[in-house]
Structure formats: C-alpha cells, structure tokens
file structure-v2.csv (CSV, C-alpha atoms)
chain,number,residue,atom,x,y,z
A,1,MET,CA,0.0,0.0,0.0
A,2,ALA,CA,2.8,2.3,-0.9
A,3,GLU,CA,1.6,5.9,-1.3
A,4,GLN,CA,2.7,8.6,-3.5
A,5,LEU,CA,4.1,11.6,-1.6
A,6,SER,CA,2.6,14.0,-4.1
A,7,GLU,CA,-0.9,12.8,-3.3
A,8,LEU,CA,-0.6,13.3,0.5
A,9,LYS,CA,-1.1,16.5,2.5
A,10,ARG,CA,2.3,17.0,3.9
A,11,ILE,CA,4.0,19.3,6.3
A,12,ALA,CA,7.4,20.1,7.7
A,13,ILE,CA,7.5,21.2,11.3
A,14,VAL,CA,10.5,23.4,12.0
A,15,PRO,CA,11.1,24.2,15.7
A,16,ALA,CA,13.4,27.2,16.1
A,17,LEU,CA,14.8,29.2,18.9
A,18,ASN,CA,16.9,32.3,18.1
A,19,GLU,CA,17.8,30.9,14.7
A,20,GLU,CA,17.5,33.9,12.3
A,21,GLN,CA,20.8,32.9,10.7
A,22,THR,CA,19.7,29.5,9.5
A,23,VAL,CA,15.9,29.2,9.6
A,24,GLY,CA,15.5,31.0,6.2
A,25,ARG,CA,17.9,28.6,4.5
A,26,VAL,CA,16.1,25.6,6.1
A,27,VAL,CA,12.7,26.8,4.8
A,28,ASP,CA,14.2,27.4,1.3
A,29,GLU,CA,15.9,23.9,1.3
A,30,ILE,CA,12.7,22.1,2.2
A,31,ARG,CA,10.8,24.0,-0.5
A,32,ALA,CA,13.6,23.2,-3.0
A,33,PHE,CA,13.3,19.5,-2.1
A,34,ASP,CA,9.5,19.5,-2.6
A,35,PRO,CA,7.4,22.7,-3.2
A,36,GLY,CA,4.3,20.7,-2.1
A,37,PHE,CA,5.5,20.7,1.5
A,38,ASP,CA,3.7,23.1,3.7
A,39,ILE,CA,6.2,24.5,6.3
A,40,VAL,CA,5.3,25.5,9.8
A,41,VAL,CA,8.0,27.2,11.8
A,42,VAL,CA,7.4,27.1,15.6
A,43,ASP,CA,9.2,30.0,17.1
A,44,ASP,CA,9.8,29.0,20.7
A,45,GLY,CA,10.1,32.5,22.2
A,46,SER,CA,13.0,33.8,20.1
A,47,VAL,CA,14.4,37.2,20.9
A,48,ASP,CA,15.8,37.7,17.4
A,49,ARG,CA,14.2,37.8,13.9
A,50,THR,CA,13.5,34.1,13.6
A,51,ALA,CA,9.7,34.5,13.2
A,52,GLY,CA,10.1,37.4,10.7
A,53,VAL,CA,12.7,35.6,8.6
A,54,ALA,CA,10.5,32.5,8.4
A,55,ALA,CA,7.4,34.5,7.5
A,56,ASP,CA,9.3,36.4,4.8
A,57,ARG,CA,10.2,33.0,3.2
A,58,GLY,CA,6.5,32.1,3.1
A,59,ALA,CA,6.4,29.6,6.0
A,60,HIS,CA,3.5,29.4,8.4
A,61,VAL,CA,4.8,30.8,11.7
A,62,LEU,CA,3.5,29.8,15.1
A,63,ARG,CA,4.9,32.3,17.6
A,64,LEU,CA,4.9,31.1,21.2
A,65,PRO,CA,4.4,33.9,23.7
A,66,PHE,CA,7.3,32.5,25.8
A,67,ASN,CA,9.7,29.7,25.7
A,68,LEU,CA,8.0,26.3,26.2
A,69,GLY,CA,11.0,24.2,25.5
A,70,ILE,CA,11.5,21.9,22.5
A,71,GLY,CA,8.8,19.5,23.6
A,72,GLY,CA,6.1,22.1,24.0
A,73,ALA,CA,7.2,23.7,20.7
A,74,MET,CA,7.1,20.4,18.7
A,75,GLN,CA,3.7,19.5,20.1
A,76,THR,CA,2.4,22.9,18.9
A,77,GLY,CA,3.6,21.9,15.4
A,78,TYR,CA,1.9,18.5,15.7
A,79,ARG,CA,-1.3,20.1,16.9
A,80,PHE,CA,-1.3,22.4,13.9
A,81,ALA,CA,-0.7,19.4,11.6
A,82,PHE,CA,-3.5,17.5,13.3
A,83,GLU,CA,-6.0,20.3,13.2
A,84,HIS,CA,-5.3,21.0,9.5
A,85,GLY,CA,-5.6,17.3,8.5
A,86,TYR,CA,-2.1,16.6,7.3
A,87,ASP,CA,-1.3,13.0,6.4
A,88,VAL,CA,2.5,13.1,6.8
A,89,ALA,CA,4.7,15.3,8.9
A,90,VAL,CA,8.5,15.6,9.1
A,91,GLN,CA,10.5,17.3,11.8
A,92,VAL,CA,13.4,19.4,10.6
A,93,ASP,CA,15.5,21.5,13.1
A,94,GLY,CA,15.7,25.2,12.4
A,95,ASP,CA,19.4,25.2,13.1
A,96,GLY,CA,20.3,23.6,9.8
A,97,GLN,CA,21.8,20.4,11.1
A,98,HIS,CA,19.2,18.3,9.2
A,99,ASP,CA,19.7,18.2,5.5
A,100,PRO,CA,16.4,18.4,3.6
A,101,THR,CA,17.9,16.4,0.7
A,102,GLN,CA,17.8,13.5,3.1
A,103,LEU,CA,14.0,13.7,3.5
A,104,PRO,CA,13.3,10.9,1.0
A,105,THR,CA,15.3,8.6,3.2
A,106,ILE,CA,13.2,9.2,6.3
A,107,LEU,CA,10.0,9.4,4.4
A,108,ALA,CA,10.4,6.1,2.5
A,109,PRO,CA,9.4,3.7,5.3
A,110,VAL,CA,6.4,5.9,6.2
A,111,LEU,CA,5.2,6.2,2.6
A,112,SER,CA,5.5,2.4,2.0
A,113,GLY,CA,3.4,1.8,5.1
A,114,GLU,CA,6.2,-0.1,6.9
A,115,ALA,CA,6.5,2.4,9.7
A,116,ASP,CA,4.3,5.0,11.5
A,117,LEU,CA,7.4,6.8,12.8
A,118,CYS,CA,10.8,6.9,11.1
A,119,VAL,CA,13.9,8.3,12.8
A,120,GLY,CA,17.0,9.5,11.0
A,121,SER,CA,20.0,8.1,12.8
A,122,ARG,CA,23.5,9.6,12.7
A,123,PHE,CA,25.1,6.3,13.6
A,124,THR,CA,23.7,3.4,11.6
A,125,GLY,CA,25.4,4.2,8.3
A,126,SER,CA,27.9,6.1,6.4
A,127,GLY,CA,27.2,9.5,7.9
A,128,GLN,CA,29.9,10.9,10.1
A,129,PHE,CA,28.9,12.7,13.1
A,130,ARG,CA,31.2,14.9,15.1
A,131,SER,CA,30.2,15.8,18.6
A,132,SER,CA,31.6,16.1,22.1
A,133,PHE,CA,32.7,12.9,23.8
A,134,VAL,CA,30.2,13.3,26.7
A,135,ARG,CA,27.3,13.8,24.3
A,136,ARG,CA,28.3,10.8,22.2
A,137,ILE,CA,28.4,8.7,25.4
A,138,GLY,CA,25.0,10.0,26.5
A,139,ILE,CA,23.5,9.2,23.1
A,140,LYS,CA,25.0,5.7,23.3
A,141,ILE,CA,23.6,5.0,26.8
A,142,PHE,CA,20.1,6.2,25.8
A,143,ALA,CA,20.3,4.0,22.7
A,144,ARG,CA,21.1,0.9,24.8
A,145,ILE,CA,18.4,1.5,27.4
A,146,VAL,CA,15.7,2.4,24.9
A,147,SER,CA,16.6,-0.6,22.7
A,148,LEU,CA,16.0,-2.8,25.8
A,149,VAL,CA,12.8,-1.1,26.7
A,150,VAL,CA,11.3,-1.2,23.2
A,151,ARG,CA,12.9,-4.6,22.3
A,152,GLN,CA,14.2,-3.2,19.0
A,153,LYS,CA,17.7,-2.2,18.2
A,154,LEU,CA,18.1,1.5,18.0
A,155,THR,CA,21.3,3.6,17.6
A,156,ASP,CA,20.2,7.2,17.9
A,157,THR,CA,17.1,8.0,20.0
A,158,THR,CA,18.0,11.6,20.5
A,159,SER,CA,17.7,12.5,16.8
A,160,GLY,CA,15.1,15.1,16.0
A,161,PHE,CA,15.1,14.3,12.3
A,162,ARG,CA,11.8,12.3,11.9
A,163,ALA,CA,8.9,11.5,9.8
A,164,VAL,CA,5.5,10.4,11.0
A,165,ASN,CA,2.2,9.4,9.4
A,166,ARG,CA,-1.3,10.4,10.5
A,167,ARG,CA,-1.3,8.0,13.4
A,168,GLY,CA,1.9,9.6,14.7
A,169,ILE,CA,0.6,13.1,14.2
A,170,ALA,CA,-2.5,12.2,16.2
A,171,LEU,CA,-0.5,10.7,19.0
A,172,PHE,CA,2.0,13.5,19.3
A,173,ALA,CA,-0.7,16.2,19.0
A,174,ALA,CA,-2.5,14.6,22.0
A,175,ASP,CA,0.6,13.8,24.1
A,176,TYR,CA,4.2,14.8,23.7
A,177,PRO,CA,6.9,14.8,26.3
A,178,HIS,CA,8.2,18.0,27.9
A,179,ASP,CA,11.7,19.3,28.2
A,180,TYR,CA,13.9,17.0,26.3
A,181,PRO,CA,11.4,15.0,24.3
A,182,GLU,CA,13.1,12.9,21.6
A,183,VAL,CA,14.1,9.9,23.7
A,184,GLU,CA,10.7,9.7,25.5
A,185,ALA,CA,8.8,10.3,22.3
A,186,THR,CA,10.5,7.2,20.8
A,187,VAL,CA,9.6,5.0,23.8
A,188,MET,CA,6.1,6.4,24.0
A,189,SER,CA,5.3,5.8,20.3
A,190,VAL,CA,6.4,2.1,20.6
A,191,LYS,CA,4.4,1.7,23.7
A,192,HIS,CA,1.4,3.0,21.8
A,193,LYS,CA,2.0,0.3,19.2
A,194,LEU,CA,3.3,2.6,16.6
A,195,ARG,CA,5.8,0.9,14.3
A,196,LEU,CA,9.2,2.5,14.4
A,197,ILE,CA,12.0,2.3,11.9
A,198,GLU,CA,15.4,3.9,12.1
A,199,VAL,CA,17.3,4.8,9.0
A,200,PRO,CA,20.8,6.1,8.5
A,201,VAL,CA,21.1,9.8,7.5
A,202,GLU,CA,24.0,12.2,7.2
A,203,MET,CA,23.7,15.3,9.4
A,204,ARG,CA,25.5,18.5,9.1
A,205,GLU,CA,27.3,20.7,11.6
A,206,ARG,CA,24.9,23.1,13.3
A,207,GLY,CA,24.6,26.2,11.1
A,208,GLY,CA,24.2,28.7,13.9
A,209,GLY,CA,22.8,29.2,17.4
A,210,SER,CA,23.9,26.8,20.1
A,211,SER,CA,22.7,23.4,21.2
A,212,SER,CA,19.8,23.5,23.7
A,213,ILE,CA,21.8,21.1,25.8
A,214,THR,CA,24.7,22.7,27.7
A,215,ALA,CA,27.2,20.8,29.7
A,216,VAL,CA,25.8,21.8,33.0
A,217,ARG,CA,22.3,20.7,32.1
A,218,SER,CA,23.3,17.3,30.8
A,219,VAL,CA,23.2,15.7,34.2
A,220,TYR,CA,19.7,17.0,34.9
A,221,TYR,CA,18.8,15.9,31.4
A,222,MET,CA,20.0,12.3,31.9
A,223,ALA,CA,18.3,12.0,35.3
A,224,LYS,CA,15.0,13.4,34.0
A,225,VAL,CA,14.9,11.3,30.9
A,226,LEU,CA,15.9,8.1,32.7
A,227,LEU,CA,13.3,8.7,35.4
A,228,ALA,CA,10.7,9.2,32.7
A,229,ILE,CA,11.6,6.0,30.9
A,230,PHE,CA,11.6,4.1,34.2
A,231,VAL,CA,8.2,5.4,35.3
A,232,GLY,CA,6.9,4.8,31.8
A,233,LEU,CA,7.5,1.1,32.2
A,234,PHE,CA,4.8,1.1,34.8
A,235,ARG,CA,2.2,3.0,32.8
A,236,ARG,CA,-0.5,1.5,30.7
A,237,TYR,CA,-0.8,2.9,27.2
A,238,ALA,CA,-3.9,3.2,25.1
A,239,VAL,CA,-3.6,2.6,21.4
A,240,PRO,CA,-4.6,5.9,19.8
A,241,VAL,CA,-7.9,5.9,18.0
A,242,GLU,CA,-7.5,6.5,14.4
A,243,GLU,CA,-10.0,9.2,13.9
A,244,GLU,CA,-9.8,11.4,10.9
A,245,HIS,CA,-10.0,15.1,10.8
A,246,ARG,CA,-10.5,15.9,7.1
B,247,MET,CA,23.7,5.4,68.7
B,248,THR,CA,20.4,5.8,66.9
B,249,PRO,CA,17.6,3.9,68.5
B,250,LEU,CA,16.4,1.1,66.2
B,251,PRO,CA,12.7,2.1,66.3
B,252,VAL,CA,13.6,5.6,65.1
B,253,SER,CA,15.6,4.1,62.2
B,254,ILE,CA,12.7,1.8,61.2
B,255,ALA,CA,10.1,4.6,61.5
B,256,ALA,CA,12.3,7.0,59.4
B,257,ALA,CA,13.0,4.3,56.8
B,258,VAL,CA,9.3,3.5,56.4
B,259,ALA,CA,8.4,7.2,56.2
B,260,SER,CA,11.0,7.9,53.5
B,261,PHE,CA,10.0,4.8,51.6
B,262,VAL,CA,6.4,5.9,51.6
B,263,LEU,CA,7.5,9.3,50.3
B,264,LEU,CA,9.3,7.6,47.4
B,265,VAL,CA,6.3,5.4,46.6
B,266,VAL,CA,3.9,8.3,46.7
B,267,VAL,CA,6.1,10.4,44.4
B,268,PHE,CA,6.5,7.5,42.0
B,269,GLU,CA,2.7,7.0,41.9
B,270,LEU,CA,2.1,10.7,41.3
B,271,ILE,CA,4.5,10.6,38.3
B,272,ARG,CA,3.0,7.4,37.0
B,273,SER,CA,-0.5,8.8,37.1
B,274,ARG,CA,0.8,12.0,35.5
B,275,ARG,CA,-0.1,14.3,38.4
B,276,LEU,CA,3.5,15.2,38.9
B,277,ARG,CA,6.0,16.1,36.2
B,278,GLU,CA,9.4,14.5,36.2
B,279,ARG,CA,11.1,17.9,36.4
B,280,TYR,CA,9.4,18.7,39.7
B,281,ALA,CA,9.7,15.2,41.1
B,282,LEU,CA,13.5,15.0,41.0
B,283,LEU,CA,14.0,17.1,44.2
B,284,TRP,CA,11.4,15.0,46.1
B,285,LEU,CA,13.1,11.8,45.0
B,286,LEU,CA,16.5,13.0,46.1
B,287,THR,CA,15.0,14.0,49.5
B,288,GLY,CA,13.4,10.5,49.8
B,289,VAL,CA,16.6,8.7,48.8
B,290,VAL,CA,18.9,10.7,51.1
B,291,LEU,CA,16.5,10.3,54.1
B,292,LEU,CA,16.1,6.6,53.4
B,293,ALA,CA,19.9,6.1,53.2
B,294,LEU,CA,20.5,8.0,56.4
B,295,SER,CA,17.8,6.0,58.2
B,296,LEU,CA,19.2,2.6,57.2
B,297,TRP,CA,22.8,3.4,57.5
B,298,ARG,CA,22.8,4.0,61.2
B,299,GLY,CA,26.6,4.2,61.6
B,300,GLY,CA,26.7,6.9,59.0
B,301,LEU,CA,24.1,8.9,60.8
B,302,ASN,CA,26.1,8.7,64.0
B,303,THR,CA,29.3,9.8,62.2
B,304,ILE,CA,27.5,12.8,60.5
B,305,ALA,CA,26.0,13.7,63.9
B,306,GLY,CA,29.5,13.6,65.4
B,307,TRP,CA,30.7,16.1,62.7
B,308,PHE,CA,28.2,18.6,63.9
B,309,GLY,CA,28.7,17.9,67.6
B,310,VAL,CA,25.4,16.3,68.1
B,311,GLU,CA,26.4,13.7,70.7
B,312,THR,CA,23.2,13.1,72.6
B,313,TYR,CA,20.6,12.3,70.0
B,314,PRO,CA,21.9,11.5,66.4
B,315,PRO,CA,18.4,11.2,64.8
B,316,ALA,CA,18.1,15.0,65.2
B,317,ILE,CA,20.2,15.0,62.1
B,318,LEU,CA,17.4,13.3,60.2
B,319,GLY,CA,15.1,16.2,61.1
B,320,ALA,CA,17.7,18.7,60.1
B,321,VAL,CA,18.4,17.1,56.7
B,322,GLY,CA,14.6,16.8,56.1
B,323,ALA,CA,14.1,20.5,57.0
B,324,LEU,CA,17.0,21.5,54.7
B,325,PHE,CA,15.5,19.7,51.7
B,326,ILE,CA,12.0,21.2,52.4
B,327,LEU,CA,13.7,24.6,52.4
B,328,VAL,CA,15.3,23.8,49.0
B,329,VAL,CA,12.0,22.5,47.6
B,330,LEU,CA,10.1,25.6,48.8
B,331,LEU,CA,12.7,27.9,47.3
B,332,HIS,CA,12.4,26.0,44.0
B,333,TYR,CA,8.7,26.5,44.1
B,334,SER,CA,9.1,30.2,44.6
B,335,THR,CA,11.1,30.4,41.4
B,336,VAL,CA,8.5,28.3,39.6
B,337,ILE,CA,5.7,30.5,40.8
B,338,SER,CA,7.6,33.6,39.7
B,339,ARG,CA,8.0,32.2,36.3
B,340,LEU,CA,4.4,31.1,36.0
B,341,SER,CA,3.2,34.5,37.1
B,342,ASP,CA,5.4,36.2,34.5
B,343,GLN,CA,4.1,33.9,31.8
B,344,ASN,CA,0.5,34.5,33.0
B,345,THR,CA,1.0,38.3,32.5
B,346,ILE,CA,2.3,37.7,29.0
B,347,LEU,CA,-0.7,35.5,28.2
B,348,ALA,CA,-3.1,38.1,29.5
B,349,GLN,CA,-1.4,40.8,27.5
B,350,ARG,CA,-1.4,38.8,24.3
B,351,LEU,CA,-5.1,37.9,24.8
B,352,ALA,CA,-6.0,41.5,25.2
B,353,LEU,CA,-4.2,42.4,22.0
B,354,LEU,CA,-5.9,39.6,20.1
B,355,GLU,CA,-9.3,40.6,21.4
B,356,GLN,CA,-8.7,44.2,20.3
B,357,GLN,CA,-7.7,43.0,16.8
B,358,LEU,CA,-10.8,40.8,16.6
B,359,ARG,CA,-13.1,43.5,17.7
B,360,GLU,CA,-11.7,46.2,15.5
B,361,GLY,CA,-10.4,44.1,12.6

call {"tool": "encode", "arguments": {"input": "structure-v2.csv", "output": "structure tokens"}}
result
Amino acid sequence: MAEQLSELKRIAIVPALNEEQTVGRVVDEIRAFDPGFDIVVVDDGSVDRTAGVAADRGAHVLRLPFNLGIGGAMQTGYRFAFEHGYDVAVQVDGDGQHDPTQLPTILAPVLSGEADLCVGSRFTGSGQFRSSFVRRIGIKIFARIVSLVVRQKLTDTTSGFRAVNRRGIALFAADYPHDYPEVEATVMSVKHKLRLIEVPVEMRERGGGSSSITAVRSVYYMAKVLLAIFVGLFRRYAVPVEEEHR
Amino acid sequence: MTPLPVSIAAAVASFVLLVVVFELIRSRRLRERYALLWLLTGVVLLALSLWRGGLNTIAGWFGVETYPPAILGAVGALFILVVLLHYSTVISRLSDQNTILAQRLALLEQQLREG
C-alpha cells in the first residue's frame, strides 16, 4: 500500500529558537526538495528575527508567547498538523543540522506503510557525526536503554530528524513529552504500538545558534529522561484511536 | 547510637514518600522535572535511616552527641527549604508567563473587535 508523496497532504515542522541565521535557509531547502510541502516554523520565544525571517520566506509561523522548551514547541507543530488534517509530517530542526535532501530517506518507510514513525540516525550508516565525547556517550547510553525497553535495536534515540504518518501526528498532538522529548517520544510511540524504523542519515554541523543542551544541564537531562523512561515502564498505554479530521 | 525504632520509622516514612512520588509521576499528576528534588529527598533520608553508623558519624561532625536522629530532622528541613525555594522560582516564572498570556489575549481581542 505504498503511497505517492505528491498525493498526500504533507507538512514540515521546524522548531526554532533564536535561529535567524539559519531558519531561512532551512525553509528554502525544504521547499527546494518539494514545493508541495507546507512548512510551519514554531518560534519558541526567540528574541531575534527568527519569526520574521520565516514568515518572509512564506512559511506558516506559530509564535509562542514565551519559551516552552523543545517538547512544547514540537507539540504545537503537531497540533497544527493534526487540526489541519495533514497525512504526513516531518521534523526538521531550524538550526540547519538536518539536511532536507535526506528527506526521501526518512519518508520512504512511512510512505511504504512499513512504519508509523521513522527516525533518521546519525550512527547506523555512512554518515559521520562529530560531537563532544560526553554527548556521544550519552547518546549511546540512551540508545542501549531504549533498545532494551522497546525490544528493538536503535542507535540514535536523540535524533530530532523524523517523519510520521497520520497516526503519529494524532498521538503527538495529543501527548508529547516535555523538556527533552526525543528519547521519551521514541519510547512512547512504541508503547502506543506505533511501528518505528530507524534509517541512517547524514547530518551537518549546526549552522548557527547553540545546542539546547549545555554541559551543566546534561546531568539533569540524563536524570530526568531516565526517570521518565523508568516510570513509563509502569504505565499502561492506550492505542490511539485513528479518527480522521478531514 | 540511633535507637532502632527511630531508624525503622524513618526508613518507612522515606520509603512511603518515594512510593507516593512514584505513583504521582506514573499517574501524570506530577511532572518529572518537579519530582527530582522530592526523589532526592526520599533517597537521602532513606539512606540515612538505614545506614545507622553513617548517621552517627555525621551527627558527630556537627557535635550532636546526645541524639543523632536529630540530624534526620535537620536534613529533612534543609530539603524542604530547597523545595520551597524551588517552588518560589517556579511560581515567579508562572506569574510572568501569565502576565504575558493576558497581554497577548487583550491584544488579540482588540484585533478581533476592530479588525
């Protein structure tokens, strides 16, 4: 039941915080890859011209009145996608580290109906990924733990380069983790019986801005996410109803 | 030396605290970010109640010779102080955000009425 991308209502969700340097290029690149993609930039309380730049390039802009954190920002994008009846959504960071020419790679398993959620991994394939030692270790630890919890081998659960179908959009619109959401969203989607596939992608160096995870915060980050995963083991999960909103 | 009944009672109380916090997170009535301090409180108090020699040693550092379990109360009070201070910062942030929301709403309403 492979579907043609061109027949689907599709949207790119671009979370951005103080990314006026890069967000315009990201919007242009997504459009260059496929002009049929609607683009919604979620401005998570930027103090620079992020929202203005995005609007000038013709993206929809959701401007949050104050910083909600990446989780709250992403969910805003998913709510928009859900309310407007999109069939497919991709997440592309506003900092330029995700290369829109790689979109076909993460979209393929979703379009072919093999997966409800597809995550682009920096580690499974040819792509080189340079990062600090501590961060790489953290990413590896999460990959191990999450692989155990979801009983599926995963290599990069912190990646925010993702594609989801309507089921995924509905789930994430209704419920999305706070603070540092990628790892938890991965676990949550599998618990909700969504099918997850990871594909190798190449990522670029960040184009501007700075990572939302500073060294000081990483301990809190690890503790919070590990706690969430642990407690999540004891929750019961409903399988999302597949209502339609068209 | 810490009397055994005091150790047992303190251990049970901290264990109950941990279980309650866990259940609150599980049922989604408490967010992880606000639970971490409580969990730390519970774990430290539990450790001090079970590790009786340690409690005596720590009491010794502070010159508490007569009744070491007083340290349990002091540690508990310290954590409660930290949690309360944390809440004050949270409330301040929420109230700032509330102001911003009210202002945005007023601007939106004005646009709707006059637009």

call {"tool": "residues_around", "arguments": {"input": "structure-v2.csv", "residues": "region 268-276 of chain B", "least_positions_apart": "5", "cutoff": "8 Å", "atoms": "all atoms listed in the file", "output": "VMD selection string"}}
result
(chain A and resid 231 to 232 234 to 235) or (chain B and resid 281)

call {"tool": "residues_around", "arguments": {"input": "structure-v2.csv", "residues": "Asp99 (chain A)", "least_positions_apart": "2", "cutoff": "7 Å", "atoms": "all atoms listed in the file", "output": "compact mmCIF listing (two decimals) with C-alpha atoms, in the coordinates of the input"}}
result
# COMPACT_ATOMS: atom_id res chain seq x y z
CA GLY A 96 20.30 23.60 9.80
CA GLN A 97 21.80 20.40 11.10
CA THR A 101 17.90 16.40 0.70
CA GLN A 102 17.80 13.50 3.10
CA MET A 203 23.70 15.30 9.40
CA ARG A 204 25.50 18.50 9.10

call {"tool": "residues_around", "arguments": {"input": "structure-v2.csv", "residues": "region 148-155 of chain A", "least_positions_apart": "5", "cutoff": "7 Å", "atoms": "all atoms listed in the file", "output": "ChimeraX atom specification"}}
result
/A:121,123-124,143,187,190,198

call {"tool": "interface_residues", "arguments": {"input": "structure-v2.csv", "of": "chain A", "to": "chain B", "cutoff": "12 Å", "atoms": "all atoms listed in the file", "output": "PyMOL selection string"}}
result
chain A and resi 45+63-68+175+177-180+184+219-237

call {"tool": "atom_distance", "arguments": {"input": "structure-v2.csv", "atom1": "CA of Asp56 (chain A)", "atom2": "CA of Glu355 (chain B)"}}
result
25.3 Å

call {"tool": "residues_around", "arguments": {"input": "structure-v2.csv", "residues": "Ala12 (chain A)", "least_positions_apart": "5", "cutoff": "10 Å", "atoms": "only C-alpha atoms", "output": "ChimeraX atom specification"}}
result
/A:27,30-31,37-41,59,77-78,81,88-93,162-163

call {"tool": "residues_around", "arguments": {"input": "structure-v2.csv", "residues": "Ala54 (chain A)", "least_positions_apart": "2", "cutoff": "10 Å", "atoms": "all atoms listed in the file", "output": "MDAnalysis selection string"}}
result
chainID A and resid 14 16 19:20 22:28 39:43 49:52 56:61 94

call {"tool": "closest_residue", "arguments": {"input": "structure-v2.csv", "among": "A:Ile145, A:Val134, A:Leu117, A:Ile106", "to": "Arg195 (chain A)", "atoms": "all atoms listed in the file"}}
result
A:Leu117

call {"tool": "atom_distance", "arguments": {"input": "structure-v2.csv", "atom1": "CA of Leu111 (chain A)", "atom2": "CA of Gln4 (chain A)"}}
result
7.0 Å

call {"tool": "atom_distance", "arguments": {"input": "structure-v2.csv", "atom1": "CA of Ala32 (chain A)", "atom2": "CA of Ile13 (chain A)"}}
result
15.7 Å

call {"tool": "build_atoms", "arguments": {"input": "structure-v2.csv", "residues": "region 1-12 of chain A", "atoms": "N, CA and C atoms", "output": "short mmCIF file (atom, residue, chain, number, x, y, z; two decimals), in the coordinates of the input"}}
result
data_model
loop_
_atom_site.label_atom_id
_atom_site.label_comp_id
_atom_site.auth_asym_id
_atom_site.auth_seq_id
_atom_site.Cartn_x
_atom_site.Cartn_y
_atom_site.Cartn_z
N MET A 1 0.82 -1.20 0.00
CA MET A 1 0.00 0.00 0.00
C MET A 1 0.87 1.26 0.00
N ALA A 2 1.89 1.18 -0.82
CA ALA A 2 2.80 2.30 -0.90
C ALA A 2 2.02 3.54 -1.45
N GLU A 3 2.28 4.68 -0.85
CA GLU A 3 1.60 5.90 -1.30
C GLU A 3 2.51 6.85 -1.94
N GLN A 4 1.96 7.60 -2.84
CA GLN A 4 2.70 8.60 -3.50
C GLN A 4 2.79 9.88 -2.64
N LEU A 5 3.99 10.40 -2.48
CA LEU A 5 4.10 11.60 -1.60
C LEU A 5 3.30 12.74 -2.17
N SER A 6 3.25 12.85 -3.49
CA SER A 6 2.60 14.00 -4.10
C SER A 6 1.08 14.02 -3.83
N GLU A 7 0.51 12.84 -3.50
CA GLU A 7 -0.90 12.80 -3.30
C GLU A 7 -1.28 13.10 -1.81
N LEU A 8 -0.29 13.16 -0.97
CA LEU A 8 -0.60 13.30 0.50
C LEU A 8 -0.44 14.79 0.86
N LYS A 9 -1.23 15.14 1.86
CA LYS A 9 -1.10 16.50 2.50
C LYS A 9 0.05 16.40 3.43
N ARG A 10 1.08 17.18 3.16
CA ARG A 10 2.30 17.00 3.90
C ARG A 10 2.86 18.28 4.48
N ILE A 11 3.51 18.14 5.62
CA ILE A 11 4.00 19.30 6.30
C ILE A 11 5.33 19.10 6.96
N ALA A 12 6.15 20.13 6.97
CA ALA A 12 7.40 20.10 7.70
C ALA A 12 7.28 20.98 8.92
#
